[in-house]
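Have a look at query-v9.txt; it's compact mmCIF, C-alpha atoms (C1' of nucleotides):
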# COMPACT_ATOMS: atom_id res chain seq x y z
CA MET A 1 99.80 67.90 -175.12
CA LYS A 2 101.21 68.76 -171.70
CA SER A 3 100.75 65.16 -170.61
CA LYS A 4 103.57 64.16 -172.96
CA GLU A 5 105.85 66.80 -171.53
CA ILE A 6 105.16 65.75 -167.95
CA TYR A 7 105.55 62.11 -168.91
CA ASP A 8 108.88 62.78 -170.62
CA HIS A 9 110.39 64.57 -167.66
CA VAL A 10 109.25 61.96 -165.17
CA GLU A 11 110.55 59.18 -167.37
CA ARG A 12 113.92 60.90 -167.58
CA LEU A 13 114.07 61.48 -163.83
CA ALA A 14 113.13 57.85 -163.29
CA ASN A 15 115.87 56.64 -165.61
CA LEU A 16 118.51 58.78 -163.95
CA LEU A 17 117.43 57.74 -160.48
CA ARG A 18 117.47 54.08 -161.38
CA SER A 19 120.90 54.23 -162.94
CA GLU A 20 122.33 56.10 -159.97
CA SER A 21 120.69 53.65 -157.60
CA ARG A 22 122.22 50.78 -159.53
CA GLN A 23 125.63 52.43 -159.38
CA VAL A 24 125.70 53.22 -155.67
CA GLY A 25 124.43 49.72 -154.86
CA ILE A 26 127.15 47.85 -156.73
CA PRO A 27 129.84 47.97 -153.99
CA TYR A 28 127.33 46.36 -151.63
CA GLY A 29 125.87 43.88 -154.09
CA MET A 30 122.52 45.64 -153.91
CA GLN A 31 120.12 45.94 -156.83
CA PRO A 32 117.81 48.98 -157.18
CA ILE A 33 114.73 47.01 -156.25
CA GLN A 34 116.41 45.63 -153.14
CA LEU A 35 117.34 49.12 -152.01
CA GLU A 36 113.80 50.30 -152.62
CA ALA A 37 112.29 47.48 -150.61
CA LEU A 38 114.73 48.04 -147.76
CA ARG A 39 114.14 51.77 -147.88
CA TYR A 40 110.39 51.24 -147.69
CA LEU A 41 110.74 48.96 -144.69
CA SER A 42 112.79 51.62 -142.93
CA ILE A 43 110.04 54.23 -143.20
CA CYS A 44 106.83 52.22 -142.76
CA ASN A 45 104.86 51.67 -139.59
CA ARG A 46 104.10 48.46 -137.71
CA TYR A 47 100.97 47.74 -139.77
CA SER A 48 102.92 47.96 -143.00
CA ASP A 49 106.12 45.97 -142.50
CA THR A 50 104.96 42.77 -144.19
CA PRO A 51 105.72 41.14 -147.56
CA MET A 52 102.20 41.96 -148.74
CA ALA A 53 102.65 45.64 -147.96
CA VAL A 54 105.96 45.68 -149.83
CA THR A 55 104.17 43.97 -152.70
CA GLU A 56 101.57 46.73 -152.83
CA TYR A 57 104.15 49.47 -152.46
CA LEU A 58 106.33 48.18 -155.28
CA ASN A 59 103.39 47.10 -157.44
CA GLN A 60 104.77 43.66 -158.01
CA THR A 61 103.53 40.11 -157.47
CA LYS A 62 103.98 38.54 -154.08
CA GLY A 63 106.19 35.88 -155.62
CA THR A 64 108.61 38.45 -156.98
CA VAL A 65 108.74 40.27 -153.68
CA SER A 66 109.25 37.02 -151.81
CA GLN A 67 112.46 36.45 -153.76
CA THR A 68 113.74 39.96 -153.17
CA LEU A 69 113.10 39.65 -149.45
CA LYS A 70 114.79 36.27 -149.33
CA LEU A 71 117.92 37.86 -150.76
CA LEU A 72 117.76 40.76 -148.30
CA GLU A 73 117.41 38.35 -145.40
CA LYS A 74 120.28 36.21 -146.67
CA LYS A 75 122.46 39.32 -146.76
CA ASN A 76 121.41 40.11 -143.18
CA PHE A 77 119.81 43.41 -144.06
CA LEU A 78 116.49 42.45 -142.51
CA ILE A 79 115.03 40.13 -139.90
CA LYS A 80 111.81 38.17 -140.31
CA THR A 81 109.49 37.49 -137.40
CA THR A 82 106.09 35.82 -137.37
CA ASP A 83 103.13 37.81 -136.08
CA SER A 84 101.98 36.45 -132.74
CA ASN A 85 98.29 37.08 -133.41
CA ASP A 86 98.10 35.98 -137.02
CA LYS A 87 100.64 33.33 -137.86
CA ARG A 88 100.25 33.82 -141.61
CA ILE A 89 101.82 37.23 -141.30
CA THR A 90 105.54 37.95 -141.31
CA HIS A 91 106.99 41.19 -139.95
CA LEU A 92 110.13 42.55 -141.54
CA LYS A 93 112.57 44.58 -139.48
CA VAL A 94 115.53 46.34 -141.02
CA SER A 95 118.70 45.22 -139.23
CA SER A 96 121.27 47.69 -137.92
CA LYS A 97 123.47 46.66 -140.85
CA GLY A 98 120.56 47.51 -143.14
CA ASN A 99 119.99 50.89 -141.51
CA LYS A 100 123.65 51.78 -141.79
CA LEU A 101 123.59 50.96 -145.47
CA LEU A 102 120.50 53.07 -146.08
CA GLN A 103 121.96 55.99 -144.21
CA LYS A 104 125.02 55.81 -146.41
CA LEU A 105 123.23 55.40 -149.73
CA ILE A 106 119.95 57.30 -149.44
CA PRO A 107 119.33 59.93 -150.57
CA THR A 108 121.82 59.25 -153.33
CA PRO A 109 124.79 61.62 -153.78
CA VAL A 110 123.15 63.43 -156.68
CA TYR A 111 120.10 64.36 -154.63
CA THR A 112 122.23 65.52 -151.75
CA GLN A 113 124.15 67.77 -154.11
CA VAL A 114 121.03 69.00 -155.87
CA SER A 115 119.64 70.11 -152.57
CA LYS A 116 122.73 72.24 -151.96
CA LYS A 117 122.53 73.90 -155.35
CA LEU A 118 118.89 74.95 -155.18
CA SER A 119 117.44 77.68 -153.02
CA GLU A 120 115.07 76.77 -150.20
CA SER A 121 112.14 78.29 -152.01
CA THR A 122 112.92 76.46 -155.24
CA GLN A 123 113.12 73.19 -153.37
CA THR A 124 109.82 73.85 -151.67
CA GLN A 125 108.28 74.61 -155.04
CA ILE A 126 109.66 71.39 -156.51
CA ILE A 127 108.44 69.34 -153.56
CA ASN A 128 104.96 70.83 -153.86
CA SER A 129 104.83 70.07 -157.57
CA LEU A 130 105.97 66.50 -157.03
CA LYS A 131 103.42 66.05 -154.25
CA GLU A 132 100.60 67.36 -156.38
CA LEU A 133 101.55 65.13 -159.28
CA LEU A 134 101.89 62.09 -157.05
CA GLN A 135 98.56 62.66 -155.41
CA VAL A 136 96.67 62.81 -158.69
CA ILE A 137 98.48 59.78 -160.05
CA GLN A 138 97.67 57.72 -157.00
CA GLN A 139 94.03 58.73 -157.10
CA GLU A 140 93.86 57.96 -160.80
CA ASN A 141 95.51 54.60 -160.33
CA GLU A 142 93.21 53.67 -157.47
CA MET A 143 96.36 52.92 -155.60
CA LYS A 144 97.07 53.02 -151.95
CA SER A 145 98.63 56.33 -151.11
CA PHE A 146 101.12 55.11 -148.53
CA GLY A 147 101.08 58.37 -146.62
CA VAL A 148 101.96 59.05 -143.01
CA CYS A 149 99.35 58.86 -140.25
CA ASN A 150 99.61 62.60 -139.84
CA THR A 151 97.64 63.08 -143.06
CA CYS A 152 95.31 60.08 -142.67
CA ARG A 153 91.60 60.27 -142.12
CA TYR A 154 91.69 57.37 -139.67
CA ASN A 155 93.97 59.34 -137.38
CA GLN A 156 92.08 60.89 -134.51
CA LYS A 157 93.88 63.55 -132.57
CA ILE A 158 92.87 63.24 -128.93
CA LYS A 159 95.12 65.75 -127.25
CA SER A 160 97.88 67.87 -128.74
CA ASP A 161 100.28 64.96 -128.92
CA SER A 162 98.04 61.96 -128.38
CA HIS A 163 96.76 60.09 -131.42
CA PHE A 164 94.52 57.13 -132.10
CA CYS A 165 93.94 55.06 -135.25
CA GLY A 166 90.24 54.65 -136.02
CA LEU A 167 90.93 51.66 -138.26
CA THR A 168 93.04 49.48 -135.99
CA GLN A 169 91.56 50.92 -132.78
CA GLU A 170 95.01 51.40 -131.35
CA PRO A 171 96.83 54.40 -129.93
CA LEU A 172 99.59 55.88 -132.07
CA SER A 173 102.89 57.11 -130.71
CA LYS A 174 104.76 60.19 -131.87
CA VAL A 175 107.03 58.02 -133.96
CA ASP A 176 104.08 56.12 -135.45
CA ILE A 177 102.48 59.14 -136.99
CA SER A 178 105.61 60.05 -138.94
CA LEU A 179 105.82 56.64 -140.65
CA ILE A 180 104.02 55.59 -143.81
CA CYS A 181 101.11 53.19 -143.63
CA ARG A 182 99.57 50.83 -146.19
CA GLU A 183 96.09 51.63 -144.88
CA HIS A 184 96.58 55.36 -145.33
CA GLU A 185 93.67 57.26 -146.79
CA SER A 186 93.80 60.96 -147.43
CA VAL A 187 91.62 63.32 -145.45
CA VAL A 188 90.50 65.05 -148.62
CA GLU A 189 87.76 63.25 -150.46
CA MET B 190 116.78 67.42 -145.13
CA LYS B 191 114.81 68.49 -148.18
CA SER B 192 116.97 66.26 -150.33
CA LYS B 193 115.33 63.23 -148.72
CA GLU B 194 111.89 64.59 -149.44
CA ILE B 195 112.69 65.27 -153.08
CA TYR B 196 114.35 61.89 -153.39
CA ASP B 197 111.34 60.11 -151.87
CA HIS B 198 108.84 61.70 -154.21
CA VAL B 199 110.94 61.04 -157.29
CA GLU B 200 111.50 57.45 -156.22
CA ARG B 201 107.76 56.98 -155.80
CA LEU B 202 106.97 58.56 -159.16
CA ALA B 203 109.63 56.37 -160.75
CA ASN B 204 108.13 53.23 -159.22
CA LEU B 205 104.65 54.07 -160.34
CA LEU B 206 105.77 54.95 -163.85
CA ARG B 207 107.75 51.75 -164.18
CA SER B 208 104.91 49.57 -163.00
CA GLU B 209 102.43 51.25 -165.31
CA SER B 210 104.88 50.95 -168.18
CA ARG B 211 105.24 47.26 -167.43
CA GLN B 212 101.50 46.84 -167.36
CA VAL B 213 100.68 48.61 -170.62
CA GLY B 214 103.50 46.80 -172.40
CA ILE B 215 102.35 43.27 -171.48
CA PRO B 216 99.76 42.84 -174.27
CA TYR B 217 102.50 43.64 -176.78
CA GLY B 218 105.27 41.66 -175.12
CA MET B 219 107.17 44.85 -174.41
CA GLN B 220 109.31 45.41 -171.33
CA PRO B 221 109.73 48.90 -169.81
CA ILE B 222 113.29 49.27 -171.04
CA GLN B 223 112.27 48.30 -174.57
CA LEU B 224 109.55 50.93 -174.60
CA GLU B 225 112.00 53.52 -173.31
CA ALA B 226 114.56 52.73 -175.96
CA LEU B 227 111.93 52.81 -178.70
CA ARG B 228 110.49 56.03 -177.33
CA TYR B 229 113.93 57.64 -177.33
CA LEU B 230 114.53 56.62 -180.93
CA SER B 231 111.24 58.22 -181.92
CA ILE B 232 112.22 61.62 -180.57
CA CYS B 233 115.95 61.86 -181.32
CA ASN B 234 117.61 63.48 -184.31
CA ARG B 235 119.76 61.92 -187.02
CA TYR B 236 122.97 62.34 -185.02
CA SER B 237 121.50 60.46 -182.11
CA ASP B 238 119.78 57.37 -183.53
CA THR B 239 122.60 54.92 -182.86
CA PRO B 240 123.15 52.15 -180.28
CA MET B 241 125.82 54.26 -178.58
CA ALA B 242 123.44 57.18 -178.17
CA VAL B 243 120.79 54.88 -176.70
CA THR B 244 123.48 53.54 -174.37
CA GLU B 245 124.24 57.05 -173.12
CA TYR B 246 120.59 57.97 -172.82
CA LEU B 247 119.69 54.89 -170.79
CA ASN B 248 122.95 54.89 -168.83
CA GLN B 249 123.64 51.27 -169.54
CA THR B 250 126.50 49.31 -171.07
CA LYS B 251 126.62 48.91 -174.81
CA GLY B 252 126.28 45.17 -174.40
CA THR B 253 123.01 45.47 -172.53
CA VAL B 254 121.64 47.91 -175.06
CA SER B 255 122.74 45.69 -177.90
CA GLN B 256 120.50 42.93 -176.55
CA THR B 257 117.51 45.22 -176.10
CA LEU B 258 117.87 46.51 -179.65
CA LYS B 259 118.19 42.99 -181.01
CA LEU B 260 114.84 42.14 -179.45
CA LEU B 261 113.24 45.31 -180.81
CA GLU B 262 114.51 44.51 -184.30
CA LYS B 263 113.32 40.91 -184.05
CA LYS B 264 109.86 42.19 -183.18
CA ASN B 265 109.97 44.53 -186.19
CA PHE B 266 109.70 47.69 -184.14
CA LEU B 267 112.85 49.16 -185.61
CA ILE B 268 115.05 48.93 -188.69
CA LYS B 269 118.85 48.95 -188.63
CA THR B 270 120.91 50.55 -191.40
CA THR B 271 124.65 51.04 -191.63
CA ASP B 272 125.98 54.58 -191.94
CA SER B 273 127.35 55.19 -195.42
CA ASN B 274 130.22 57.40 -194.24
CA ASP B 275 131.28 55.48 -191.15
CA LYS B 276 130.61 51.80 -191.46
CA ARG B 277 131.06 51.19 -187.75
CA ILE B 278 127.89 53.15 -187.08
CA THR B 279 124.36 51.74 -187.18
CA HIS B 280 121.32 53.98 -187.56
CA LEU B 281 118.10 52.88 -185.91
CA LYS B 282 114.78 53.86 -187.42
CA VAL B 283 111.50 53.22 -185.67
CA SER B 284 109.23 51.24 -188.03
CA SER B 285 105.64 52.27 -188.69
CA LYS B 286 104.60 49.36 -186.47
CA GLY B 287 106.82 50.83 -183.77
CA ASN B 288 105.39 54.31 -184.16
CA LYS B 289 101.83 53.01 -183.96
CA LEU B 290 102.67 51.22 -180.75
CA LEU B 291 104.26 54.30 -179.20
CA GLN B 292 101.30 56.44 -180.16
CA LYS B 293 99.02 53.99 -178.43
CA LEU B 294 101.06 53.54 -175.27
CA ILE B 295 102.82 56.85 -174.60
CA PRO B 296 102.09 58.89 -172.65
CA THR B 297 100.59 56.15 -170.51
CA PRO B 298 96.87 56.31 -169.60
CA VAL B 299 97.57 57.67 -166.14
CA TYR B 300 99.49 60.65 -167.48
CA THR B 301 96.80 61.39 -170.02
CA GLN B 302 94.22 61.39 -167.25
CA VAL B 303 96.38 63.43 -164.91
CA SER B 304 96.68 66.11 -167.53
CA LYS B 305 92.89 66.36 -167.70
CA LYS B 306 92.51 66.69 -163.96
CA LEU B 307 95.02 69.47 -163.43
CA SER B 308 94.64 73.07 -164.48
CA GLU B 309 96.86 74.51 -167.18
CA SER B 310 98.72 76.66 -164.72
CA THR B 311 99.31 73.77 -162.33
CA GLN B 312 100.68 71.68 -165.16
CA THR B 313 102.97 74.49 -166.24
CA GLN B 314 104.19 74.79 -162.68
CA ILE B 315 104.84 71.06 -162.46
CA ILE B 316 106.67 71.03 -165.79
CA ASN B 317 108.87 73.92 -164.70
CA SER B 318 109.72 72.21 -161.43
CA LEU B 319 110.57 68.97 -163.20
CA LYS B 320 112.71 70.82 -165.72
CA GLU B 321 114.61 72.65 -163.02
CA LEU B 322 115.24 69.46 -161.10
CA LEU B 323 116.33 67.60 -164.22
CA GLN B 324 118.72 70.30 -165.27
CA VAL B 325 120.53 70.37 -161.95
CA ILE B 326 120.71 66.59 -161.82
CA GLN B 327 122.19 66.36 -165.28
CA GLN B 328 124.75 69.04 -164.50
CA GLU B 329 125.64 67.32 -161.26
CA ASN B 330 125.96 63.97 -162.95
CA GLU B 331 128.11 65.37 -165.72
CA MET B 332 125.67 63.73 -168.02
CA LYS B 333 124.67 64.63 -171.49
CA SER B 334 121.53 66.71 -171.38
CA PHE B 335 119.80 65.25 -174.44
CA GLY B 336 117.97 68.48 -175.19
CA VAL B 337 116.53 69.72 -178.47
CA CYS B 338 118.60 71.80 -180.90
CA ASN B 339 116.39 74.73 -180.11
CA THR B 340 118.08 75.12 -176.73
CA CYS B 341 121.59 74.09 -177.82
CA ARG B 342 124.58 76.35 -177.93
CA TYR B 343 125.79 74.81 -181.19
CA ASN B 344 122.62 75.88 -182.92
CA GLN B 345 123.16 79.01 -184.99
CA LYS B 346 120.06 80.79 -186.15
CA ILE B 347 120.73 82.22 -189.59
CA LYS B 348 117.36 83.58 -190.59
CA SER B 349 114.05 83.34 -188.76
CA ASP B 350 113.56 79.70 -189.72
CA SER B 351 116.96 78.70 -190.98
CA HIS B 352 119.33 76.93 -188.58
CA PHE B 353 122.84 75.55 -188.67
CA CYS B 354 124.70 73.22 -186.32
CA GLY B 355 128.12 74.57 -185.37
CA LEU B 356 129.30 71.15 -184.25
CA THR B 357 128.45 69.05 -187.29
CA GLN B 358 128.64 71.98 -189.71
CA GLU B 359 125.34 71.02 -191.25
CA PRO B 360 122.09 72.89 -191.80
CA LEU B 361 119.19 71.93 -189.56
CA SER B 362 115.62 71.60 -190.76
CA LYS B 363 112.54 72.70 -188.88
CA VAL B 364 111.94 69.11 -187.81
CA ASP B 365 115.57 68.69 -186.73
CA ILE B 366 115.48 71.42 -184.15
CA SER B 367 112.55 69.87 -182.31
CA LEU B 368 114.30 66.53 -181.82
CA ILE B 369 116.67 65.63 -179.00
CA CYS B 370 120.38 65.34 -179.66
CA ARG B 371 123.14 63.46 -177.88
CA GLU B 372 125.55 66.31 -178.52
CA HIS B 373 123.24 68.84 -176.95
CA GLU B 374 124.84 71.41 -174.68
CA SER B 375 122.85 74.06 -172.93
CA VAL B 376 123.26 77.69 -173.87
CA VAL B 377 123.64 78.65 -170.25
CA GLU B 378 127.10 78.12 -168.87
C1' DG C 379 151.91 53.42 -196.05
C1' DG C 380 151.55 50.84 -191.85
C1' DT C 381 151.15 49.98 -187.05
C1' DA C 382 148.90 51.46 -182.66
C1' DT C 383 144.93 52.96 -180.71
C1' DA C 384 140.16 54.45 -180.39
C1' DT C 385 135.34 53.68 -181.43
C1' DA C 386 130.91 51.04 -182.69
C1' DG C 387 128.90 47.13 -182.14
C1' DT C 388 128.05 41.87 -181.12
C1' DA C 389 128.33 37.43 -178.42
C1' DT C 390 128.28 34.97 -174.23
C1' DC C 391 128.08 34.13 -169.19
C1' DG C 392 126.05 34.41 -164.72
C1' DA C 393 123.27 36.82 -161.21
C1' DT C 394 119.00 39.23 -160.70
C1' DT C 395 114.22 40.70 -161.92
C1' DC C 396 109.76 39.58 -162.85
C1' DA C 397 105.21 37.16 -163.91
C1' DA C 398 102.85 32.95 -163.81
C1' DT C 399 101.66 28.88 -161.72
C1' DA C 400 101.28 25.70 -158.19
C1' DC C 401 101.80 24.92 -153.60
C1' DT C 402 101.49 25.11 -147.98
C1' DA C 403 99.67 27.03 -143.83
C1' DT C 404 96.71 29.81 -141.13
C1' DA C 405 92.19 32.56 -140.62
C1' DT C 406 87.62 33.51 -141.43
C1' DT C 407 82.94 32.62 -142.88
C1' DG C 408 78.98 29.97 -143.01
C1' DC D 409 83.65 21.55 -139.80
C1' DA D 410 83.77 22.44 -144.64
C1' DA D 411 84.46 26.25 -148.04
C1' DT D 412 86.85 30.15 -148.96
C1' DA D 413 90.13 33.89 -148.29
C1' DT D 414 94.69 35.51 -147.10
C1' DA D 415 99.94 35.38 -146.39
C1' DG D 416 103.67 33.54 -147.97
C1' DT D 417 107.04 30.14 -150.52
C1' DA D 418 108.91 27.38 -154.49
C1' DT D 419 109.81 26.78 -159.24
C1' DT D 420 110.13 27.82 -164.10
C1' DG D 421 111.24 30.63 -168.01
C1' DA D 422 111.93 35.11 -170.39
C1' DA D 423 114.20 39.55 -169.94
C1' DT D 424 117.55 42.79 -167.65
C1' DC D 425 122.06 43.95 -166.73
C1' DG D 426 127.25 44.15 -166.04
C1' DA D 427 131.46 42.04 -167.25
C1' DT D 428 134.38 40.16 -170.44
C1' DA D 429 135.99 38.96 -174.77
C1' DC D 430 135.53 39.50 -179.44
C1' DT D 431 135.16 41.65 -184.65
C1' DA D 432 135.28 45.50 -187.78
C1' DT D 433 136.08 50.12 -189.11
C1' DA D 434 138.27 54.66 -188.40
C1' DT D 435 141.82 57.73 -186.81
C1' DA D 436 146.50 59.08 -185.12
C1' DC D 437 151.08 58.99 -185.49
C1' DC D 438 155.59 57.88 -187.13
Would you put the structure from the file into structure tokens?
Amino acid sequence: MKSKEIYDHVERLANLLRSESRQVGIPYGMQPIQLEALRYLSICNRYSDTPMAVTEYLNQTKGTVSQTLKLLEKKNFLIKTTDSNDKRITHLKVSSKGNKLLQKLIPTPVYTQVSKKLSESTQTQIINSLKELLQVIQQENEMKSFGVCNTCRYNQKIKSDSHFCGLTQEPLSKVDISLICREHESVVE
Amino acid sequence: MKSKEIYDHVERLANLLRSESRQVGIPYGMQPIQLEALRYLSICNRYSDTPMAVTEYLNQTKGTVSQTLKLLEKKNFLIKTTDSNDKRITHLKVSSKGNKLLQKLIPTPVYTQVSKKLSESTQTQIINSLKELLQVIQQENEMKSFGVCNTCRYNQKIKSDSHFCGLTQEPLSKVDISLICREHESVVE
DNA sequence: GGTATATAGTATCGATTCAATACTATATTG
DNA sequence: CAATATAGTATTGAATCGATACTATATACC
């Protein structure tokens, strides 16, 4: 019975978020999905800035994502470059124009205001609840978790601020470990 | 800073919900927005089963909603009737075919599973967090809250199970007060 | 009563979303 | 070096969505 209640609230939150996203994007000719793709690309690491990773993150087909990215590129919000090692792969970099837009629009005004109206402890409580819910949903869905390296089981801490990815066999910088990764797998089994 | 974190989690939950909704709807030719409209109509009261109310609930234009409803009617998921008092108004009733579909699809499989994996107390905690977040967002957005009569300031309890709506000046049945209403206004100022 | 205005809803247009299918190009496997 | 897998693009058609223009009924006001 509680599943319905949780479902209802999430559906409502999702609706409100989507409609606000649509609204704030209008002056810039941006659709919700375009903002989400751009937003993702601004917070993912160098292993995860490809069309395929966006496809997985948004749970869409690669064809659909290809169109969205084409529009974003046309509007000069991102720059495509071909991977030097594997020429099938395209890397997507958010342009400075894109970053400025994101900084202006995200988080949306409502969430900025909400944060001011709620106490620190309430916000922490809400964040924890959302995290818990998300984690179970991602497990259940057998989906990639798209977490940051900090919480990934491949991340091997060498010294206090020296990290290494056990999957790609590459060192990770301080910036790296705060970005989300498509290969992320939780430490907890 | 916490606003970003809350925003991120809600965005992710919204994405996952939307993609699951899309997936479960495919075998029935139902799009996410169609399911949401139908779902709303199945849980709203008799003051709130009109195209305009759906428009407010989904935060779309009446034209867009008109199209969605036309498709739902064509597929025999809902029945339109004209209000006898005000002939501009159309009432929308979910058909038995529509109700069967909703019962099968909502809450979606993932949410049903999630509910099984989390303890009662955790679920209660999550529900409370979601409620709190929703309430602030709706206030902030100056949006209608779409709550049930039970929590509405227009609802006047006469006896233990006898209710009366101060806005419409009509008695409310036991079923009425468990349905959501477009005129809902929270008791709390 | 009758005109002005407000409200509920439909119709149509064009841009975007999205899945499905078919396609090209590069990598990998044997 | 042939078969297969992977990354991405192109195209088509149905649905979403806002914008605009429209019809019909109800209400306000003089």
For this session: Could you jot down the atom C1' of DA423 of chain D to atom C1' of DA397 of chain C separation for me, Å, one decimal place?
Result: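 The value is 11.1 Å.
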Exercise. What does the distance between atom CA of Asn288 of chain B and atom CA of Ile315 of chain B come to in Å, to one decimal place?
Worked result: 27.4 Å
Exercise. Once you count only C-alpha atoms (C1' of nucleotides), which residues of chain B turn out to be within 7 Å of chain D? Could you give them as a list in words?
Worked result: Thr253, Lys276 and Arg277 of chain B
Go through chain B residue by residue and, counting all atoms listed in the file, keep those with an atom at most 6 Å from chain A; for each kept residue give the shortest atom pair and its distance in Å to one decimal, ordered by chain and increasing number, as JSON lines.
{"residue": "B:Ser192", "atom": "CA", "partner": "A:Ser115", "partner_atom": "CA", "distance": 5.2}
{"residue": "B:Lys193", "atom": "CA", "partner": "A:Pro107", "partner_atom": "CA", "distance": 5.5}
{"residue": "B:Ile195", "atom": "CA", "partner": "A:Ile127", "partner_atom": "CA", "distance": 5.9}
{"residue": "B:Ala203", "atom": "CA", "partner": "A:Ala14", "partner_atom": "CA", "distance": 4.6}
{"residue": "B:Pro296", "atom": "CA", "partner": "A:Lys4", "partner_atom": "CA", "distance": 5.5}
{"residue": "B:Tyr300", "atom": "CA", "partner": "A:Ser3", "partner_atom": "CA", "distance": 5.6}
{"residue": "B:Thr301", "atom": "CA", "partner": "A:Ser3", "partner_atom": "CA", "distance": 5.5}
{"residue": "B:Ser304", "atom": "CA", "partner": "A:Ser3", "partner_atom": "CA", "distance": 5.2}
{"residue": "B:Ile315", "atom": "CA", "partner": "A:Ser129", "partner_atom": "CA", "distance": 5.0}
{"residue": "B:Ile316", "atom": "CA", "partner": "A:Ile6", "partner_atom": "CA", "distance": 5.9}
{"residue": "B:Ser318", "atom": "CA", "partner": "A:Ile126", "partner_atom": "CA", "distance": 5.0}
Dump as a Markdown table the rows for residues of chain C within 12 Å of chain B: closest atom pair and distance in Å with one decimal, only C-alpha atoms (C1' of nucleotides) counted, ordered by chain and rising residue number.
| residue | atom | partner | partner_atom | distance |
| --- | --- | --- | --- | --- |
| C:DT385 | C1' | B:Arg277 | CA | 8.0 |
| C:DA386 | C1' | B:Arg277 | CA | 5.1 |
| C:DG387 | C1' | B:Arg277 | CA | 7.3 |
| C:DT388 | C1' | B:Ser255 | CA | 7.3 |
| C:DA389 | C1' | B:Gly252 | CA | 9.0 |
| C:DT390 | C1' | B:Gly252 | CA | 10.4 |
| C:DT395 | C1' | B:Gln220 | CA | 11.6 |
| C:DC396 | C1' | B:Arg211 | CA | 10.0 |
| C:DA397 | C1' | B:Ile215 | CA | 10.1 |
For this session: Check the smallest atom-to-atom distance from each of A:Leu92, A:Leu78, A:Ile43, A:Leu71 to DT394 of chain C using only C-alpha atoms (C1' of nucleotides), then report the winner.
Result: A:Leu71
Exercise. Using only C-alpha atoms (C1' of nucleotides), which of the listed residues (A:Ile180, A:Val24, A:Met30, A:Cys44) sits closest to DA393 of chain C?
Worked result: A:Met30
For this session: Work out how far atom CA of Ser273 of chain B is from atom CA of Ser285 of chain B, in Å to one decimal.
Result: 22.9 Å
Box in all listed atoms of segment 111-117 of chain A, axis-aligned, with 4 Å more on each side; write out centre and edge lengths in Å to one decimal as JSON.
{"center_x": 121.9, "center_y": 69.1, "center_z": -153.8, "size_x": 12.5, "size_y": 17.5, "size_z": 12.1}
For this session: Excluding Gln31 of chain A and any residue of its chain fewer than 6 positions from it, enumerate the residues within 8 Å of it, using all atoms listed in the file, and give them as a list in words.
Result: Ser21, Arg22 and Gly25 of chain A; DT394 of chain C
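Residues with at least one atom no more than 9 Å from (105.5, 45.8, -135.3), using only C-alpha atoms (C1' of nucleotides), are Asn45, Arg46, Tyr47, Ser48, Asp49, Asp83, His91, Leu92 and Lys93 of chain A.
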